[in-house]
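Structure file data.pdb; described as PDB, C-alpha atoms.
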```pdb
MODEL        1
ATOM      1  CA  MET S1265       0.000   0.000   0.000
ATOM      2  CA  SER S1266       1.410   3.366  -0.936
ATOM      3  CA  GLU S1267       2.453   5.936   1.586
ATOM      4  CA  GLU S1268      -0.008   8.357   0.104
ATOM      5  CA  GLN S1269      -2.858   5.969   0.742
ATOM      6  CA  GLU S1270      -1.661   5.329   4.310
ATOM      7  CA  THR S1271      -1.763   9.037   4.974
ATOM      8  CA  THR S1272      -5.215   9.338   3.553
ATOM      9  CA  ASP S1273      -6.457   6.394   5.614
ATOM     10  CA  LEU S1274      -5.199   8.149   8.692
ATOM     11  CA  ASP S1275      -6.843  11.401   7.617
ATOM     12  CA  LEU S1276     -10.117   9.557   7.274
ATOM     13  CA  VAL S1277      -9.656   7.864  10.639
ATOM     14  CA  ARG S1278      -9.124  11.243  12.284
ATOM     15  CA  GLY S1279     -12.134  12.588  10.442
ATOM     16  CA  ILE S1280     -14.322   9.745  11.674
ATOM     17  CA  LYS S1281     -13.035  10.198  15.205
ATOM     18  CA  ALA S1282     -14.004  13.859  14.922
ATOM     19  CA  GLY S1283     -17.512  12.889  13.834
ATOM     20  CA  ASP S1284     -17.140  13.779  10.167
ATOM     21  CA  ALA S1285     -19.855  11.840   8.272
ATOM     22  CA  ASP S1286     -18.162  12.482   4.960
ATOM     23  CA  ALA S1287     -14.952  10.822   6.175
ATOM     24  CA  PHE S1288     -16.928   7.746   7.161
ATOM     25  CA  GLU S1289     -18.616   7.542   3.760
ATOM     26  CA  ARG S1290     -15.280   7.805   2.021
ATOM     27  CA  MET S1291     -13.914   5.033   4.183
ATOM     28  CA  VAL S1292     -16.876   2.852   3.205
ATOM     29  CA  GLU S1293     -16.325   3.721  -0.429
ATOM     30  CA  ARG S1294     -12.673   2.798  -0.164
ATOM     31  CA  TYR S1295     -12.880  -0.512   1.672
ATOM     32  CA  HIS S1296     -16.345  -1.998   1.313
ATOM     33  CA  ALA S1297     -15.335  -4.162  -1.663
ATOM     34  CA  ARG S1298     -12.346  -5.668   0.125
ATOM     35  CA  VAL S1299     -14.299  -6.278   3.300
ATOM     36  CA  TYR S1300     -17.084  -7.861   1.287
ATOM     37  CA  SER S1301     -14.647 -10.122  -0.509
ATOM     38  CA  LEU S1302     -13.015 -11.140   2.754
ATOM     39  CA  SER S1303     -16.408 -11.854   4.312
ATOM     40  CA  TYR S1304     -17.502 -13.801   1.274
ATOM     41  CA  GLY S1305     -14.397 -15.946   1.589
ATOM     42  CA  VAL S1306     -15.397 -16.892   5.116
ATOM     43  CA  LEU S1307     -19.147 -17.167   4.619
ATOM     44  CA  ARG S1308     -19.481 -18.126   0.927
ATOM     45  CA  ASN S1309     -22.883 -16.611   0.694
ATOM     46  CA  ALA S1310     -23.698 -13.177  -0.716
ATOM     47  CA  GLU S1311     -26.372 -12.276   1.804
ATOM     48  CA  ASP S1312     -24.268 -13.250   4.799
ATOM     49  CA  ALA S1313     -21.249 -11.471   3.343
ATOM     50  CA  GLU S1314     -23.289  -8.319   2.849
ATOM     51  CA  GLU S1315     -24.535  -8.368   6.436
ATOM     52  CA  ALA S1316     -21.050  -9.102   7.754
ATOM     53  CA  THR S1317     -19.762  -6.107   5.791
ATOM     54  CA  GLN S1318     -22.375  -3.872   7.374
ATOM     55  CA  ASP S1319     -21.529  -5.213  10.824
ATOM     56  CA  ALA S1320     -17.818  -4.660  10.236
ATOM     57  CA  PHE S1321     -18.367  -1.017   9.344
ATOM     58  CA  LEU S1322     -20.677  -0.554  12.302
ATOM     59  CA  THR S1323     -17.907  -1.908  14.520
ATOM     60  CA  LEU S1324     -15.478   0.409  12.788
ATOM     61  CA  TYR S1325     -17.739   3.341  13.516
ATOM     62  CA  ARG S1326     -18.231   2.396  17.143
ATOM     63  CA  LYS S1327     -14.690   1.276  17.942
ATOM     64  CA  ILE S1328     -12.629   3.735  15.966
ATOM     65  CA  GLY S1329     -11.821   5.483  19.224
ATOM     66  CA  THR S1330      -9.823   2.429  20.322
ATOM     67  CA  PHE S1331      -7.716   2.386  17.154
ATOM     68  CA  ASP S1332      -4.121   3.422  17.818
ATOM     69  CA  ASP S1333      -3.196   5.987  15.151
ATOM     70  CA  THR S1334       0.392   4.785  15.092
ATOM     71  CA  LYS S1335      -0.673   1.389  13.724
ATOM     72  CA  LYS S1336      -1.681   0.485  10.203
ATOM     73  CA  PHE S1337      -5.360   1.164   9.876
ATOM     74  CA  PHE S1338      -6.161  -1.498   7.346
ATOM     75  CA  SER S1339      -4.543  -4.299   9.342
ATOM     76  CA  TRP S1340      -6.654  -3.308  12.300
ATOM     77  CA  PHE S1341      -9.820  -3.037  10.282
ATOM     78  CA  TYR S1342      -9.202  -6.276   8.410
ATOM     79  CA  ARG S1343      -8.878  -8.058  11.717
ATOM     80  CA  VAL S1344     -12.152  -6.483  12.865
ATOM     81  CA  ALA S1345     -13.803  -7.618   9.623
ATOM     82  CA  LEU S1346     -12.397 -11.141   9.865
ATOM     83  CA  ASN S1347     -13.647 -11.505  13.437
ATOM     84  CA  THR S1348     -17.049 -10.192  12.391
ATOM     85  CA  ALA S1349     -17.294 -12.709   9.568
ATOM     86  CA  TYR S1350     -16.233 -15.612  11.785
ATOM     87  CA  SER S1351     -18.644 -14.641  14.500
ATOM     88  CA  ARG S1352     -21.457 -14.715  11.930
ATOM     89  CA  ALA S1353     -20.180 -18.045  10.627
ATOM     90  CA  ARG S1354     -20.380 -19.499  14.136
ATOM     91  CA  ARG S1355     -24.069 -18.633  14.347
ATOM     92  CA  ARG S1356     -24.999 -21.025  11.562
ATOM     93  CA  PRO S1357     -24.509 -24.755  11.226
ATOM     94  CA  SER S1358     -20.861 -25.259  10.466
ATOM     95  CA  LEU S1359     -19.500 -27.336   7.638
ATOM     96  CA  PRO S1360     -16.982 -29.972   8.591
ATOM     97  CA  THR S1361     -13.387 -29.053   7.851
ATOM     98  CA  VAL S1362     -10.950 -31.518   6.354
ATOM     99  CA  ALA S1363      -7.820 -33.054   7.837
ATOM    100  CA  ILE S1364      -5.239 -31.441   5.604
ATOM    101  CA  GLU S1365      -2.693 -34.199   6.289
ATOM    102  CA  ASP S1366      -4.857 -36.677   4.427
ATOM    103  CA  TYR S1367      -4.359 -34.767   1.198
ATOM    104  CA  LEU S1368      -0.680 -33.926   1.265
ATOM    105  CA  PRO S1369       1.543 -35.748  -1.216
ATOM    106  CA  ARG S1370       2.757 -39.175  -0.177
ATOM    107  CA  PHE S1371       6.349 -40.270  -0.232
ATOM    108  CA  GLN S1372       8.142 -43.566  -0.089
ATOM    109  CA  SER S1373      10.352 -44.297   2.895
ATOM    110  CA  ASP S1374      13.418 -43.102   0.972
ATOM    111  CA  GLY S1375      11.767 -39.729   0.367
ATOM    112  CA  HIS S1376      10.818 -40.349  -3.253
ATOM    113  CA  LEU S1377       7.493 -39.187  -4.512
ATOM    114  CA  ALA S1378       5.116 -42.073  -4.955
ATOM    115  CA  ALA S1379       4.734 -42.273  -8.714
ATOM    116  CA  GLU S1380       1.109 -43.333  -8.811
ATOM    117  CA  PHE S1381      -0.430 -40.187  -7.352
ATOM    118  CA  PRO S1382      -3.362 -38.975  -9.409
ATOM    119  CA  ASP S1383      -1.907 -36.245 -11.502
ATOM    120  CA  GLY S1384      -3.708 -33.224 -12.801
ATOM    121  CA  GLY S1385      -4.167 -33.224 -16.403
ATOM    122  CA  ILE S1386      -5.357 -29.833 -15.122
ATOM    123  CA  PRO S1387      -6.266 -28.140 -18.402
ATOM    124  CA  VAL S1388      -4.187 -24.977 -18.171
ATOM    125  CA  ASP S1389      -4.948 -23.789 -21.691
ATOM    126  CA  ASP S1390      -8.682 -24.150 -21.534
ATOM    127  CA  ASP S1391     -10.144 -21.061 -19.850
ATOM    128  CA  ALA S1392     -13.684 -22.410 -19.630
ATOM    129  CA  ALA S1393     -12.493 -25.608 -17.974
ATOM    130  CA  LEU S1394     -10.272 -23.589 -15.645
ATOM    131  CA  ARG S1395     -13.190 -21.445 -14.576
ATOM    132  CA  GLU S1396     -15.172 -24.566 -13.772
ATOM    133  CA  LEU S1397     -12.234 -25.908 -11.793
ATOM    134  CA  ALA S1398     -11.860 -22.561 -10.056
ATOM    135  CA  SER S1399     -15.374 -22.750  -8.692
ATOM    136  CA  ARG S1400     -14.592 -26.223  -7.365
ATOM    137  CA  ALA S1401     -11.354 -24.854  -5.894
ATOM    138  CA  GLU S1402     -13.361 -22.236  -4.039
ATOM    139  CA  GLY S1403     -15.305 -25.047  -2.389
ATOM    140  CA  PHE S1404     -12.104 -26.879  -1.495
ATOM    141  CA  ILE S1405     -10.678 -23.740   0.098
ATOM    142  CA  ALA S1406     -13.841 -23.377   2.146
ATOM    143  CA  GLU S1407     -13.316 -26.828   3.645
ATOM    144  CA  LEU S1408      -9.898 -25.948   4.978
ATOM    145  CA  PRO S1409      -9.367 -25.256   8.658
ATOM    146  CA  PRO S1410      -9.566 -21.448   9.116
ATOM    147  CA  ALA S1411      -5.815 -21.049   9.751
ATOM    148  CA  TYR S1412      -5.126 -22.324   6.230
ATOM    149  CA  ARG S1413      -8.234 -20.952   4.586
ATOM    150  CA  ASP S1414      -7.510 -17.355   5.572
ATOM    151  CA  VAL S1415      -3.966 -17.491   4.274
ATOM    152  CA  ILE S1416      -4.688 -18.962   0.857
ATOM    153  CA  TRP S1417      -7.737 -16.757   0.357
ATOM    154  CA  MET S1418      -5.882 -13.562   1.210
ATOM    155  CA  ASN S1419      -2.772 -14.463  -0.763
ATOM    156  CA  ASP S1420      -4.030 -16.249  -3.852
ATOM    157  CA  VAL S1421      -7.493 -14.804  -4.295
ATOM    158  CA  GLU S1422      -7.263 -11.332  -2.789
ATOM    159  CA  GLN S1423      -3.589 -11.085  -3.646
ATOM    160  CA  MET S1424      -2.633  -9.193  -0.537
ATOM    161  CA  ALA S1425       0.999  -8.708   0.433
ATOM    162  CA  PRO S1426       2.462 -11.512   2.601
ATOM    163  CA  ALA S1427       3.717  -9.057   5.208
ATOM    164  CA  GLU S1428       0.242  -7.587   5.451
ATOM    165  CA  ILE S1429      -1.392 -11.003   5.794
ATOM    166  CA  ALA S1430       1.091 -12.091   8.459
ATOM    167  CA  GLU S1431       0.447  -8.863  10.353
ATOM    168  CA  ILE S1432      -3.333  -9.202  10.222
ATOM    169  CA  LEU S1433      -3.245 -12.829  11.311
ATOM    170  CA  GLU S1434      -0.499 -12.102  13.836
ATOM    171  CA  ILE S1435       1.748 -14.892  12.568
ATOM    172  CA  SER S1436       5.375 -14.965  11.410
ATOM    173  CA  ILE S1437       6.382 -14.926   7.738
ATOM    174  CA  PRO S1438       7.673 -18.532   7.932
ATOM    175  CA  ALA S1439       4.366 -19.623   9.470
ATOM    176  CA  PHE S1440       2.536 -17.749   6.740
ATOM    177  CA  LYS S1441       4.564 -19.484   4.033
ATOM    178  CA  SER S1442       4.136 -22.901   5.567
ATOM    179  CA  ARG S1443       0.361 -22.514   5.793
ATOM    180  CA  LEU S1444       0.096 -21.134   2.278
ATOM    181  CA  HIS S1445       2.103 -23.973   0.826
ATOM    182  CA  ARG S1446       0.150 -26.679   2.606
ATOM    183  CA  ALA S1447      -3.123 -25.073   1.586
ATOM    184  CA  ARG S1448      -1.994 -25.017  -2.048
ATOM    185  CA  LEU S1449      -0.839 -28.621  -1.846
ATOM    186  CA  TYR S1450      -4.271 -29.510  -0.546
ATOM    187  CA  VAL S1451      -6.086 -27.688  -3.337
ATOM    188  CA  ARG S1452      -3.706 -29.206  -5.911
ATOM    189  CA  GLN S1453      -4.500 -32.680  -4.685
ATOM    190  CA  ARG S1454      -8.239 -32.116  -4.806
ATOM    191  CA  LEU S1455      -8.090 -30.566  -8.270
ATOM    192  CA  ALA S1456      -5.860 -33.366  -9.514
ATOM    193  CA  GLU S1457      -8.338 -35.934  -8.244
ATOM    194  CA  ILE S1458     -11.322 -34.413 -10.014
ATOM    195  CA  SER S1459      -9.319 -33.786 -13.181
ATOM    196  CA  SER S1460      -8.033 -37.331 -13.417
ATOM    197  CA  PRO S1461     -10.642 -40.044 -13.620
ATOM    198  CA  PRO S1462      -9.262 -43.183 -11.936
ATOM    199  CA  GLU S1463      -9.341 -45.177 -15.209
ATOM    200  CA  ARG S1464      -7.048 -42.648 -16.864
ATOM    201  CA  VAL S1465      -4.618 -42.706 -13.958
ATOM    202  CA  ALA S1466      -4.571 -46.514 -14.162
ATOM    203  CA  ALA S1467      -4.001 -46.354 -17.924
ATOM    204  CA  GLU S1468      -1.091 -43.940 -17.497
ATOM    205  CA  ALA S1469       0.456 -46.150 -14.848
ATOM    206  CA  THR S1470       0.592 -49.106 -17.204
ATOM    207  CA  GLN S1471       2.177 -47.198 -20.068
TER     208      GLN S1471
ATOM    209  CA  MET Y 514      -7.201  -2.177  -6.733
ATOM    210  CA  LYS Y 515      -3.647  -3.049  -7.589
ATOM    211  CA  LEU Y 516      -3.098  -6.760  -7.552
ATOM    212  CA  ARG Y 517       0.211  -8.395  -6.910
ATOM    213  CA  ASP Y 518       1.581 -11.598  -8.312
ATOM    214  CA  PRO Y 519       0.530 -14.144  -5.692
ATOM    215  CA  ASN Y 520       3.849 -15.908  -6.082
ATOM    216  CA  ASP Y 521       5.966 -12.854  -5.673
ATOM    217  CA  PHE Y 522       7.241 -12.671  -2.130
ATOM    218  CA  SER Y 523      10.299 -10.642  -2.962
ATOM    219  CA  PRO Y 524       9.153  -7.025  -2.487
ATOM    220  CA  SER Y 525       7.946  -7.621   1.025
ATOM    221  CA  PRO Y 526      10.217  -5.582   3.266
ATOM    222  CA  ASP Y 527       9.383  -7.609   6.360
ATOM    223  CA  SER Y 528      10.115 -10.961   4.855
ATOM    224  CA  THR Y 529      12.758 -13.014   6.571
ATOM    225  CA  SER Y 530      15.498 -14.931   4.816
ATOM    226  CA  SER Y 531      14.331 -16.605   1.668
ATOM    227  CA  ASP Y 532      16.625 -19.574   1.959
ATOM    228  CA  ASP Y 533      14.822 -21.323   4.777
ATOM    229  CA  CYS Y 534      14.142 -24.331   2.587
ATOM    230  CA  ASP Y 535      17.847 -25.159   2.519
ATOM    231  CA  PRO Y 536      17.720 -27.277  -0.639
ATOM    232  CA  CYS Y 537      21.186 -28.661  -0.228
ATOM    233  CA  GLY Y 538      20.526 -30.031   3.211
ATOM    234  CA  GLU Y 539      23.454 -28.321   4.860
ATOM    235  CA  THR Y 540      21.662 -27.709   8.100
ATOM    236  CA  GLY Y 541      21.252 -31.451   8.439
ATOM    237  CA  LYS Y 542      17.648 -31.666   9.520
ATOM    238  CA  ALA Y 543      16.685 -34.989  11.026
ATOM    239  CA  GLY Y 544      15.722 -37.375   8.271
ATOM    240  CA  ALA Y 545      17.103 -35.147   5.546
ATOM    241  CA  ALA Y 546      19.460 -36.433   2.942
ATOM    242  CA  PRO Y 547      23.161 -36.116   3.659
ATOM    243  CA  SER Y 548      24.816 -32.948   2.513
ATOM    244  CA  GLY Y 549      25.553 -32.848  -1.201
ATOM    245  CA  HIS Y 550      23.947 -31.498  -4.312
ATOM    246  CA  ASP Y 551      22.634 -34.776  -5.628
ATOM    247  CA  GLU Y 552      20.878 -35.856  -2.501
ATOM    248  CA  ILE Y 553      17.756 -33.748  -2.300
ATOM    249  CA  THR Y 554      14.702 -35.913  -1.864
ATOM    250  CA  CYS Y 555      11.372 -35.380  -3.581
ATOM    251  CA  GLN Y 556       9.883 -35.037  -0.123
ATOM    252  CA  LYS Y 557      12.121 -32.177   0.916
ATOM    253  CA  LEU Y 558      11.769 -30.521  -2.451
ATOM    254  CA  ILE Y 559       7.988 -30.604  -2.510
ATOM    255  CA  LEU Y 560       7.254 -29.994   1.135
ATOM    256  CA  GLU Y 561       9.956 -27.458   1.947
ATOM    257  CA  CYS Y 562      11.372 -25.871  -1.183
ATOM    258  CA  LEU Y 563       8.631 -25.606  -3.774
ATOM    259  CA  LEU Y 564       7.071 -22.392  -2.508
ATOM    260  CA  ASP Y 565      10.369 -20.490  -2.592
ATOM    261  CA  TYR Y 566      11.290 -22.083  -5.901
ATOM    262  CA  GLU Y 567       8.116 -20.782  -7.460
ATOM    263  CA  SER Y 568       8.382 -17.371  -5.825
ATOM    264  CA  GLY Y 569      11.746 -16.659  -7.390
ATOM    265  CA  ALA Y 570      13.024 -15.814  -3.914
ATOM    266  CA  MET Y 571      15.740 -18.446  -4.072
ATOM    267  CA  PRO Y 572      19.470 -18.109  -4.687
ATOM    268  CA  GLU Y 573      20.311 -18.949  -8.291
ATOM    269  CA  GLU Y 574      22.534 -21.898  -7.418
ATOM    270  CA  ASP Y 575      19.826 -23.563  -5.330
ATOM    271  CA  ARG Y 576      17.322 -22.883  -8.029
ATOM    272  CA  ARG Y 577      19.427 -24.578 -10.694
ATOM    273  CA  HIS Y 578      19.931 -27.536  -8.404
ATOM    274  CA  LEU Y 579      16.183 -27.964  -8.015
ATOM    275  CA  GLU Y 580      15.623 -27.430 -11.734
ATOM    276  CA  ARG Y 581      17.853 -30.414 -12.388
ATOM    277  CA  HIS Y 582      15.808 -32.511 -10.011
ATOM    278  CA  PHE Y 583      12.584 -31.576 -11.792
ATOM    279  CA  GLU Y 584      14.157 -32.551 -15.109
ATOM    280  CA  ASP Y 585      15.535 -35.844 -13.864
ATOM    281  CA  CYS Y 586      12.561 -36.926 -11.773
ATOM    282  CA  PRO Y 587       9.366 -37.384 -13.834
ATOM    283  CA  PRO Y 588       6.998 -37.610 -10.832
ATOM    284  CA  CYS Y 589       8.328 -34.304  -9.472
ATOM    285  CA  GLY Y 590       8.139 -32.776 -12.953
ATOM    286  CA  LYS Y 591       4.490 -33.785 -13.186
ATOM    287  CA  PHE Y 592       3.906 -32.528  -9.692
ATOM    288  CA  LEU Y 593       5.355 -29.132 -10.555
ATOM    289  CA  THR Y 594       3.098 -28.895 -13.601
ATOM    290  CA  SER Y 595       0.003 -29.581 -11.546
ATOM    291  CA  TYR Y 596       1.144 -27.234  -8.762
ATOM    292  CA  ARG Y 597       1.463 -24.454 -11.323
ATOM    293  CA  ALA Y 598      -1.887 -25.337 -12.828
ATOM    294  CA  THR Y 599      -3.368 -25.040  -9.344
ATOM    295  CA  GLY Y 600      -1.932 -21.544  -9.036
ATOM    296  CA  LYS Y 601      -3.410 -20.618 -12.386
ATOM    297  CA  THR Y 602      -6.771 -22.026 -11.370
ATOM    298  CA  LEU Y 603      -6.753 -20.044  -8.130
ATOM    299  CA  GLN Y 604      -6.062 -16.858 -10.055
ATOM    300  CA  MET Y 605      -9.368 -17.343 -11.867
ATOM    301  CA  LEU Y 606     -11.065 -16.721  -8.533
ATOM    302  CA  LYS Y 607      -9.923 -13.116  -8.426
ATOM    303  CA  PRO Y 608     -13.086 -11.314  -9.395
ATOM    304  CA  CYS Y 609     -15.458 -11.187  -6.478
ATOM    305  CA  GLU Y 610     -18.641  -9.478  -7.551
ATOM    306  CA  VAL Y 611     -19.586  -6.834  -5.056
ATOM    307  CA  PRO Y 612     -23.281  -5.915  -4.955
ATOM    308  CA  ALA Y 613     -23.684  -2.546  -6.659
ATOM    309  CA  ALA Y 614     -25.589  -0.838  -3.874
ATOM    310  CA  LEU Y 615     -23.458  -2.213  -1.042
ATOM    311  CA  ALA Y 616     -21.633   0.999  -0.128
ATOM    312  CA  ARG Y 617     -24.894   2.908   0.171
ATOM    313  CA  ALA Y 618     -26.471   0.074   2.158
ATOM    314  CA  VAL Y 619     -23.534   0.066   4.582
ATOM    315  CA  VAL Y 620     -23.765   3.821   5.173
ATOM    316  CA  ALA Y 621     -27.542   3.638   5.659
ATOM    317  CA  PHE Y 622     -27.179   0.683   8.029
ATOM    318  CA  VAL Y 623     -24.573   2.354  10.191
ATOM    319  CA  ARG Y 624     -26.577   5.567  10.236
ATOM    320  CA  SER Y 625     -29.703   3.729  11.391
ATOM    321  CA  ARG Y 626     -27.841   1.836  14.090
ATOM    322  CA  SER Y 627     -25.779   4.692  15.413
ATOM    323  CA  GLY Y 628     -28.302   7.498  15.397
ATOM    324  CA  ARG Y 629     -25.954   9.585  13.325
ATOM    325  CA  GLY Y 630     -23.340   8.719  10.738
TER     326      GLY Y 630
ENDMDL
END
```

Would you mind writing the structure in this file as structure tokens?
Amino acid sequence: MSEEQETTDLDLVRGIKAGDADAFERMVERYHARVYSLSYGVLRNAEDAEEATQDAFLTLYRKIGTFDDTKKFFSWFYRVALNTAYSRARRRPSLPTVAIEDYLPRFQSDGHLAAEFPDGGIPVDDDAALRELASRAEGFIAELPPAYRDVIWMNDVEQMAPAEIAEILEISIPAFKSRLHRARLYVRQRLAEISSPPERVAAEATQ
Amino acid sequence: MKLRDPNDFSPSPDSTSSDDCDPCGETGKAGAAPSGHDEITCQKLILECLLDYESGAMPEEDRRHLERHFEDCPPCGKFLTSYRATGKTLQMLKPCEVPAALARAVVAFVRSRSGRG
């Protein structure tokens, strides 16, 4: 995020603290799309995401007095928004999350990759097929435990900076990278499985 | 909104050393292959080094070493292809359609709940 934008965020924060309605509206204008996208990632439902966005901005409005002006505003607000989305998610029946270990690549005892893993003939050159796969990938991401889900959603879908993600989630960069990688390995495995019908994998193995 | 390359970890000023995957095994982690350029295992490569390899945040010598492994080891080569395809698939998720009237709805909501706004 540019320095100029940081400054402007802070200007808006001070404006909101001073009761300036226009500053609040500009803050909504600036961040509602990102907060909505974040909420959608957690809730996967437009109506819930919309309500979570409203709640997040209400919390912003009410709690802005507790925000320390020396910190990065967006990290603070993103954390507020993430908590808001998760608290809404907890109010509805929760979907089971997967055990990520079950989907990581398997190795032989000497450390070699087992050759028979189902491999993605993931169709990289076919945009329509990729879009279809992408919507499945979104579902796979949603099944991840939150610690992994947040990281891959913020990095690969929202394309936020790693340092920013680590700061929001209050984790180290190595922890961030480890979670991101495992989340991607999980999604790769799931995509490879749906892209490779078992009969084709068997046929390839006998070639 | 300016989007970054999701694999590009290099411009992050806070990022710690990029060589934590230690592809040549010099730090001698338990279970790792003995030191030496020909000894990297698929396991270490895929579980510990792949993210940095793909990010470009890896010293050139280490990178070339891993490149050779991908060329010489068909399962790892296939794995790399599908890992990259996964990244490409995830990039298709970028556009998140935001309801057109959302900003106005948020302002109206906060106004109604706060008595001002």

Q.
Show me, as a PyMOL selection string, the residues of chain S whose atoms get within 7 Å of chain Y, using all atoms listed in the file for the distance check.
A. chain S and resi 1285+1289+1292-1293+1296-1297+1300-1301+1318+1322+1371+1375-1377+1379+1383-1384+1386+1388+1394-1395+1397-1398+1419-1423+1426-1427+1437+1445+1452

Q.
Can you spell out as a count of residues only the set of residues that the PyMOL selection byres ((chain S and resi 1363) around 10) selects in the structure I just provided?
A. 12

When the PyMOL selection byres ((chain Y and resi 580) around 12) is applied to the file above, which residues end up in the set, as a short mmCIF file (atom, residue, chain, number, x, y, z; two decimals) with C-alpha atoms, in the frame of the given file?
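Okay, part-v3.cif is ready:
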```
data_model
loop_
_atom_site.label_atom_id
_atom_site.label_comp_id
_atom_site.auth_asym_id
_atom_site.auth_seq_id
_atom_site.Cartn_x
_atom_site.Cartn_y
_atom_site.Cartn_z
CA PRO Y 536 17.72 -27.28 -0.64
CA HIS Y 550 23.95 -31.50 -4.31
CA ASP Y 551 22.63 -34.78 -5.63
CA ILE Y 553 17.76 -33.75 -2.30
CA LEU Y 558 11.77 -30.52 -2.45
CA CYS Y 562 11.37 -25.87 -1.18
CA LEU Y 563 8.63 -25.61 -3.77
CA TYR Y 566 11.29 -22.08 -5.90
CA GLU Y 567 8.12 -20.78 -7.46
CA MET Y 571 15.74 -18.45 -4.07
CA GLU Y 573 20.31 -18.95 -8.29
CA GLU Y 574 22.53 -21.90 -7.42
CA ASP Y 575 19.83 -23.56 -5.33
CA ARG Y 576 17.32 -22.88 -8.03
CA ARG Y 577 19.43 -24.58 -10.69
CA HIS Y 578 19.93 -27.54 -8.40
CA LEU Y 579 16.18 -27.96 -8.02
CA ARG Y 581 17.85 -30.41 -12.39
CA HIS Y 582 15.81 -32.51 -10.01
CA PHE Y 583 12.58 -31.58 -11.79
CA GLU Y 584 14.16 -32.55 -15.11
CA ASP Y 585 15.54 -35.84 -13.86
CA CYS Y 586 12.56 -36.93 -11.77
CA PRO Y 587 9.37 -37.38 -13.83
CA CYS Y 589 8.33 -34.30 -9.47
CA GLY Y 590 8.14 -32.78 -12.95
CA LEU Y 593 5.36 -29.13 -10.56
#
```

Q: Quick one: pull the distance between atom CA of Arg1290 of chain S and atom CA of Thr1334 of chain S, Å, one decimal.
A: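 Between these atoms lies a distance of 20.6 Å.
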
Q.
Calculated over only C-alpha atoms, which of the candidates S:Met1291, S:Ala1393, S:Leu1307, S:Ala1401 has the smallest distance to Ser1358 of chain S?
A.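 Of S:Met1291, S:Ala1393, S:Leu1307, S:Ala1401, the one nearest Ser1358 of chain S, counting only C-alpha atoms, is S:Leu1307.
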
Q: Provide the atom CA of Gly1305 of chain S to atom CA of Lys1335 of chain S distance in Å, to one decimal place.
A: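 For atom CA of Gly1305 of chain S relative to atom CA of Lys1335 of chain S, the distance reads 25.2 Å.
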
Q.
I'd like the interatomic distance between atom CA of Asp1284 of chain S and atom CA of Thr1330 of chain S, to a tenth of an Å.
A. 16.9 Å

Q.
Once the PyMOL selection byres ((chain S and resi 1348) around 12) is applied to the coordinates I shared, what remains selected? I want it as a VMD selection string.
A. chain S and resid 1299 to 1300 1302 to 1304 1306 to 1307 1312 to 1324 1341 to 1347 1349 to 1355

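Take the candidates S:Arg1356, S:Arg1400, S:Arg1413, S:Arg1446 and check each one against Asn1309 of chain S using all atoms listed in the file; the shortest distance goes to S:Arg1356.
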
Got a minute to add N, CA and C atoms to segment 1345-1356 of chain S and dump it as a tab-separated table (two decimals), keeping the file's coordinate frame?
```tsv
chain	number	residue	atom	x	y	z
S	1345	ALA	N	-12.89	-7.04	10.61
S	1345	ALA	CA	-13.80	-7.62	9.62
S	1345	ALA	C	-13.76	-9.15	9.65
S	1346	LEU	N	-12.55	-9.68	9.81
S	1346	LEU	CA	-12.40	-11.14	9.86
S	1346	LEU	C	-13.13	-11.71	11.09
S	1347	ASN	N	-12.95	-11.06	12.23
S	1347	ASN	CA	-13.65	-11.50	13.44
S	1347	ASN	C	-15.16	-11.43	13.26
S	1348	THR	N	-15.61	-10.36	12.62
S	1348	THR	CA	-17.05	-10.19	12.39
S	1348	THR	C	-17.58	-11.33	11.53
S	1349	ALA	N	-16.85	-11.65	10.47
S	1349	ALA	CA	-17.29	-12.71	9.57
S	1349	ALA	C	-17.31	-14.06	10.28
S	1350	TYR	N	-16.26	-14.34	11.07
S	1350	TYR	CA	-16.23	-15.61	11.78
S	1350	TYR	C	-17.31	-15.69	12.86
S	1351	SER	N	-17.62	-14.57	13.47
S	1351	SER	CA	-18.64	-14.64	14.50
S	1351	SER	C	-20.01	-14.91	13.86
S	1352	ARG	N	-20.23	-14.39	12.65
S	1352	ARG	CA	-21.46	-14.72	11.93
S	1352	ARG	C	-21.44	-16.18	11.49
S	1353	ALA	N	-20.29	-16.65	11.08
S	1353	ALA	CA	-20.18	-18.05	10.63
S	1353	ALA	C	-20.51	-19.01	11.77
S	1354	ARG	N	-20.13	-18.62	12.98
S	1354	ARG	CA	-20.38	-19.50	14.14
S	1354	ARG	C	-21.86	-19.60	14.48
S	1355	ARG	N	-22.64	-18.62	14.01
S	1355	ARG	CA	-24.07	-18.63	14.35
S	1355	ARG	C	-24.87	-19.58	13.45
S	1356	ARG	N	-24.25	-20.12	12.44
S	1356	ARG	CA	-25.00	-21.02	11.56
S	1356	ARG	C	-24.35	-22.40	11.61
```
